[in-house]
Structures are given as C-alpha cells and as structure tokens.
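**Student:** Have a peek at query_17.txt (compact mmCIF, C-alpha atoms).
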# COMPACT_ATOMS: atom_id res chain seq x y z
CA MET A 1 18.94 -61.72 -47.82
CA ALA A 2 18.76 -58.07 -48.94
CA THR A 3 22.30 -58.38 -50.30
CA ILE A 4 21.35 -61.41 -52.37
CA VAL A 5 18.33 -59.60 -53.80
CA ALA A 6 20.43 -56.53 -54.60
CA LEU A 7 23.11 -58.63 -56.33
CA ALA A 8 20.48 -60.45 -58.37
CA THR A 9 19.37 -57.20 -59.99
CA ILE A 10 22.84 -56.01 -61.06
CA SER A 11 24.15 -56.60 -64.60
CA PHE A 12 27.71 -57.84 -64.34
CA PRO A 13 30.20 -57.19 -67.13
CA ALA A 14 30.91 -60.11 -69.45
CA SER A 15 34.43 -60.31 -68.07
CA ALA A 16 32.91 -61.11 -64.67
CA GLY A 17 31.09 -64.05 -66.21
CA GLY A 18 27.65 -62.40 -66.29
CA PRO A 19 25.60 -61.25 -69.23
CA VAL A 20 25.73 -57.68 -70.44
CA ARG A 21 22.41 -56.75 -71.89
CA ASN A 22 21.52 -53.48 -73.51
CA TYR A 23 18.25 -52.48 -75.07
CA ASN A 24 18.86 -51.91 -78.76
CA GLY A 25 15.25 -52.07 -79.90
CA PRO A 26 12.93 -49.45 -81.31
CA GLU A 27 11.49 -46.46 -79.49
CA ALA A 28 7.73 -46.47 -78.92
CA GLU A 29 7.09 -42.93 -80.10
CA VAL A 30 9.01 -43.54 -83.33
CA LEU A 31 6.92 -46.63 -84.09
CA ILE A 32 3.66 -44.84 -83.28
CA LYS A 33 4.54 -41.72 -85.27
CA ALA A 34 5.45 -43.79 -88.31
CA CYS A 35 1.95 -45.28 -88.41
CA TRP A 36 0.30 -41.88 -88.23
CA ASP A 37 2.71 -40.31 -90.72
CA LYS A 38 1.87 -42.99 -93.32
CA THR A 39 -1.77 -41.92 -93.41
CA LEU A 40 -1.54 -38.19 -92.74
CA LYS A 41 -2.38 -37.16 -96.30
CA GLU A 42 -5.39 -39.46 -96.48
CA ARG A 43 -6.65 -38.47 -93.03
CA SER A 44 -6.33 -34.79 -94.02
CA MET A 45 -8.70 -35.09 -96.99
CA PRO A 46 -12.00 -33.19 -96.81
CA SER A 47 -13.94 -36.45 -96.99
CA ALA A 48 -15.25 -38.50 -94.07
CA GLY A 49 -14.74 -41.65 -96.13
CA ARG A 50 -11.08 -40.85 -96.79
CA ILE A 51 -10.51 -39.89 -93.15
CA ARG A 52 -12.08 -43.17 -92.04
CA SER A 53 -9.95 -45.11 -94.52
CA GLY A 54 -6.79 -43.41 -93.24
CA MET A 55 -7.78 -44.09 -89.63
CA ILE A 56 -8.34 -47.77 -90.41
CA LYS A 57 -4.90 -47.97 -92.02
CA SER A 58 -3.31 -46.30 -88.98
CA VAL A 59 -5.04 -48.72 -86.58
CA LEU A 60 -3.93 -51.69 -88.69
CA CYS A 61 -0.37 -50.33 -88.70
CA LEU A 62 -0.39 -49.91 -84.90
CA GLU A 63 -1.76 -53.44 -84.54
CA ALA A 64 1.03 -54.74 -86.78
CA VAL A 65 3.59 -52.96 -84.57
CA VAL A 66 2.20 -54.70 -81.48
CA VAL A 67 2.18 -58.08 -83.22
CA GLY A 68 5.70 -57.43 -84.50
CA GLN A 69 6.88 -56.93 -80.92
CA PHE A 70 5.46 -60.33 -79.95
CA ASP A 71 8.51 -61.98 -81.55
CA ALA A 72 10.76 -60.28 -78.98
CA LEU A 73 8.30 -60.72 -76.12
CA PHE A 74 7.36 -64.34 -76.75
CA PRO A 75 10.12 -66.36 -78.41
CA ASP A 76 9.10 -69.80 -79.69
CA SER A 77 10.70 -71.49 -76.70
CA GLY A 78 8.87 -69.29 -74.20
CA PRO A 79 5.87 -70.12 -72.01
CA VAL A 80 3.45 -67.99 -74.07
CA SER A 81 2.18 -68.85 -77.53
CA ARG A 82 2.51 -65.97 -79.97
CA GLU A 83 -0.58 -67.22 -81.81
CA GLN A 84 -2.63 -67.20 -78.61
CA ASP A 85 -1.61 -63.61 -77.92
CA VAL A 86 -2.42 -62.52 -81.47
CA LYS A 87 -5.87 -64.05 -80.97
CA LYS A 88 -6.23 -62.23 -77.62
CA LEU A 89 -5.26 -58.93 -79.26
CA LYS A 90 -7.78 -59.42 -82.08
CA THR A 91 -10.52 -60.25 -79.53
CA LEU A 92 -9.64 -57.19 -77.43
CA LEU A 93 -9.68 -54.85 -80.43
CA LYS A 94 -12.95 -56.26 -81.77
CA ALA A 95 -14.66 -55.81 -78.39
CA ALA A 96 -13.19 -52.34 -77.83
CA GLY A 97 -14.07 -51.23 -81.35
CA GLU A 98 -17.66 -52.40 -80.98
CA LEU A 99 -18.04 -50.77 -77.57
CA TYR A 100 -16.56 -47.48 -78.81
CA TRP A 101 -18.84 -47.68 -81.86
CA ASP A 102 -21.85 -47.98 -79.56
CA ILE A 103 -20.64 -45.09 -77.39
CA TYR A 104 -20.12 -42.75 -80.33
CA THR A 105 -22.87 -43.76 -82.77
CA ARG A 106 -25.60 -45.52 -80.82
CA ASN A 107 -25.92 -43.27 -77.79
CA ALA A 108 -29.25 -41.69 -76.82
CA GLY A 109 -28.14 -38.35 -78.28
CA CYS A 110 -27.64 -39.81 -81.76
CA GLU A 111 -31.26 -39.78 -82.84
CA PRO A 112 -31.64 -39.88 -85.79
CA GLY A 113 -27.84 -40.12 -86.18
CA CYS A 114 -24.52 -38.57 -85.19
CA GLY A 115 -23.09 -38.09 -88.68
CA LEU A 116 -20.27 -39.62 -90.66
CA MET A 117 -17.38 -38.31 -88.55
CA ALA A 118 -18.75 -40.08 -85.47
CA GLN A 119 -18.20 -43.27 -87.44
CA THR A 120 -14.44 -42.71 -87.17
CA TYR A 121 -14.25 -42.09 -83.42
CA HIS A 122 -14.19 -45.78 -82.48
CA LEU A 123 -10.97 -46.06 -84.48
CA SER A 124 -9.37 -43.38 -82.31
CA GLY A 125 -10.30 -45.39 -79.23
CA MET A 126 -8.73 -48.51 -80.68
CA ALA A 127 -5.63 -46.52 -81.64
CA HIS A 128 -5.26 -45.27 -78.06
CA ILE A 129 -5.34 -48.85 -76.77
CA LEU A 130 -2.68 -49.91 -79.26
CA GLU A 131 -0.49 -46.88 -78.59
CA TYR A 132 -0.62 -47.60 -74.86
CA MET A 133 0.25 -51.24 -75.52
CA ILE A 134 3.23 -50.24 -77.71
CA ARG A 135 4.51 -47.90 -75.01
CA GLU A 136 4.16 -50.60 -72.36
CA ILE A 137 5.87 -53.24 -74.50
CA ILE A 138 8.84 -50.96 -75.18
CA ARG A 139 8.98 -49.85 -71.54
CA THR A 140 9.06 -53.51 -70.48
CA ARG A 141 11.73 -54.35 -73.04
CA LYS A 142 13.88 -51.44 -71.82
CA GLU A 143 13.35 -52.31 -68.18
CA ARG A 144 14.29 -55.96 -68.77
CA MET A 145 16.87 -55.09 -71.46
CA PHE A 146 15.79 -57.40 -74.26
Show me, as structure tokens, the structure contained in the file I just sent.
**Tutor:**
Amino acid sequence: MATIVALATISFPASAGGPVRNYNGPEAEVLIKACWDKTLKERSMPSAGRIRSGMIKSVLCLEAVVVGQFDALFPDSGPVSREQDVKKLKTLLKAAGELYWDIYTRNAGCEPGCGLMAQTYHLSGMAHILEYMIREIIRTRKERMF
C-alpha cells in the first residue's frame, strides 16, 4: 500500500505516459510588491487623505490579484464557482474591514477620537489578509504544480 501511495505522488515524464507539470505562474512577493509600488508616491504624501487613498488603491489591487488567481484555482469546469468565491472574498473583507475599523477608531481609548491616521489602519489589516491569501494561493499552486 505504501508503494502505491508513493508512486501516486511522483510526476512521471511524458515519455512514460504521465503528465509533466511545472509551475510557471507568478511569484507571490512580486504580485504583492507591484500593488504597493503602484501607490508608493501617493501613500508617501504628507496628507492623511492621500495616504488613505493610496492604501485603498493598494487593497483594491491586492484584492484584484486574489480574484485574478481564481481563474487558475477554479476553472469553469471545477467543483467551485468563481462567482461564489468572489462573493465570499468580498464578505470576508467587508467584515474584517469593519472589525478593524472598530478596533482602531472606536476603542475605549479613542475618546473623543483617534485622529485621521487611525482611519487608515483598518486598510492595513485588510491588506495583511489579502497578502496572506496571495501567498497561500501561490504556495498551493506551486505545491500542486498548476
């Protein structure tokens, strides 16, 4: 039985009749860095409004990267609906963003308020979730070679 399991995990060369699969997709850190690089100038401005705007654009870019990977993860013929997973992602980000907003701007120490910069911190929390998801998607794609 152990031999059968071991053989099932080996990639055989095409000449042996088995598929040869290599991961030729993107690298997670390259995708993540590209989103942050696009907004660096805006996020570096001495204005909380500009920083917030840049953060929003980075989060939207990271979200687009995740959704873009759904095509590889969930082909049309697969058991998972891409549209359902986009909806799940949107629900997750909305809930996380609202919870982070409460943590950073509605905590007991924010009386009368925590300032404008605290109104960007929830975006960092959402970005961390998306970055982790991108890394896990790419790790899974590399592990399964697709």
**Student:** Using only C-alpha atoms, which residue out of A:Thr140, A:Thr91, A:Asn22, A:Thr39 lies closest to A:Lys57?
**Tutor:**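 Smallest separation from A:Lys57 among the options: A:Thr39.
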**Student:** With a distance cut-off of 6 Å and all atoms listed in the file, select the neighbouring residues of stretch 114-117 of chain A, excluding the residue or stretch itself and same-chain residues fewer than 2 positions from it, and output the selection as a list in words.
**Tutor:**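 The residues satisfying every condition are Ala48, Thr105, Cys110, Gln119 and Thr120 of chain A.
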**Student:** At a cut-off of 10 Å, using only C-alpha atoms, what residues contact A:Lys142? Leave out same-chain residues fewer than 5 positions from it and give the result as a list in words.
**Tutor:**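 Non-adjacent residues within range: Asn22, Tyr23, Asn24, Gly25, Pro26, Glu27, Glu136 and Ile137 of chain A.
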**Student:** Please compute the atom CA of A:Ser77-atom CA of A:Arg141 distance, one decimal, in Å.
**Tutor:**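 One can read the atom CA of A:Ser77 to atom CA of A:Arg141 distance as 17.6 Å.
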**Student:** For A:Arg139, which of A:Arg43, A:Lys94, A:Val66, A:Ala28 is the closest residue, counting only C-alpha atoms?
**Tutor:**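 The answer is A:Ala28, which sits nearest to A:Arg139.
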**Student:** By how many Å are atom CA of A:Cys35 and atom CA of A:Gly78 apart?
**Tutor:**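 A separation of 28.7 Å between them.
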**Student:** Using only C-alpha atoms, collect all residues at a distance of at most 7 Å from (-11.5, -49.8, -79.8) as written in the file, then present them as an NGL selection string.
**Tutor:** :A and (93-100 or 122-123 or 125-127 or 129)
**Student:** Separation of atom CA of A:Leu60 and atom CA of A:Lys88, in Å?
**Tutor:**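 The value is 15.5 Å.
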**Student:** Given all atoms listed in the file as the basis, pick out the residue of A:Pro46, A:Pro112, A:Gly68, A:Gly54 nearest to A:Val86.
**Tutor:** A:Gly68
**Student:** Quick one: residues within 10 Å of (-2.3, -43.3, -78.9) (file frame), counting only C-alpha atoms, please, as JSON, numbers by chain.
**Tutor:** {"A": [29, 32, 33, 36, 59, 62, 124, 125, 126, 127, 128, 129, 130, 131, 132, 133, 134, 135]}
**Student:** Limited to C-alpha atoms, could you put the picked residues into a file as a short mmCIF file (atom, residue, chain, number, x, y, z; two decimals), in the frame of the given file?
**Tutor:**
data_model
loop_
_atom_site.label_atom_id
_atom_site.label_comp_id
_atom_site.auth_asym_id
_atom_site.auth_seq_id
_atom_site.Cartn_x
_atom_site.Cartn_y
_atom_site.Cartn_z
CA GLU A 29 7.09 -42.93 -80.10
CA ILE A 32 3.66 -44.84 -83.28
CA LYS A 33 4.54 -41.72 -85.27
CA TRP A 36 0.30 -41.88 -88.23
CA VAL A 59 -5.04 -48.72 -86.58
CA LEU A 62 -0.39 -49.91 -84.90
CA SER A 124 -9.37 -43.38 -82.31
CA GLY A 125 -10.30 -45.39 -79.23
CA MET A 126 -8.73 -48.51 -80.68
CA ALA A 127 -5.63 -46.52 -81.64
CA HIS A 128 -5.26 -45.27 -78.06
CA ILE A 129 -5.34 -48.85 -76.77
CA LEU A 130 -2.68 -49.91 -79.26
CA GLU A 131 -0.49 -46.88 -78.59
CA TYR A 132 -0.62 -47.60 -74.86
CA MET A 133 0.25 -51.24 -75.52
CA ILE A 134 3.23 -50.24 -77.71
CA ARG A 135 4.51 -47.90 -75.01
#
**Student:** Can you sort out the box for stretch 104-116 of chain A, edges along x, y and z, all listed atoms in, 5 Å on every side, with centre and edge lengths in Å to one decimal, as AutoDock Vina command-line options?
**Tutor:**
--center_x -25.9 --center_y -41.8 --center_z -83.7 --size_x 21.5 --size_y 17.4 --size_z 23.8
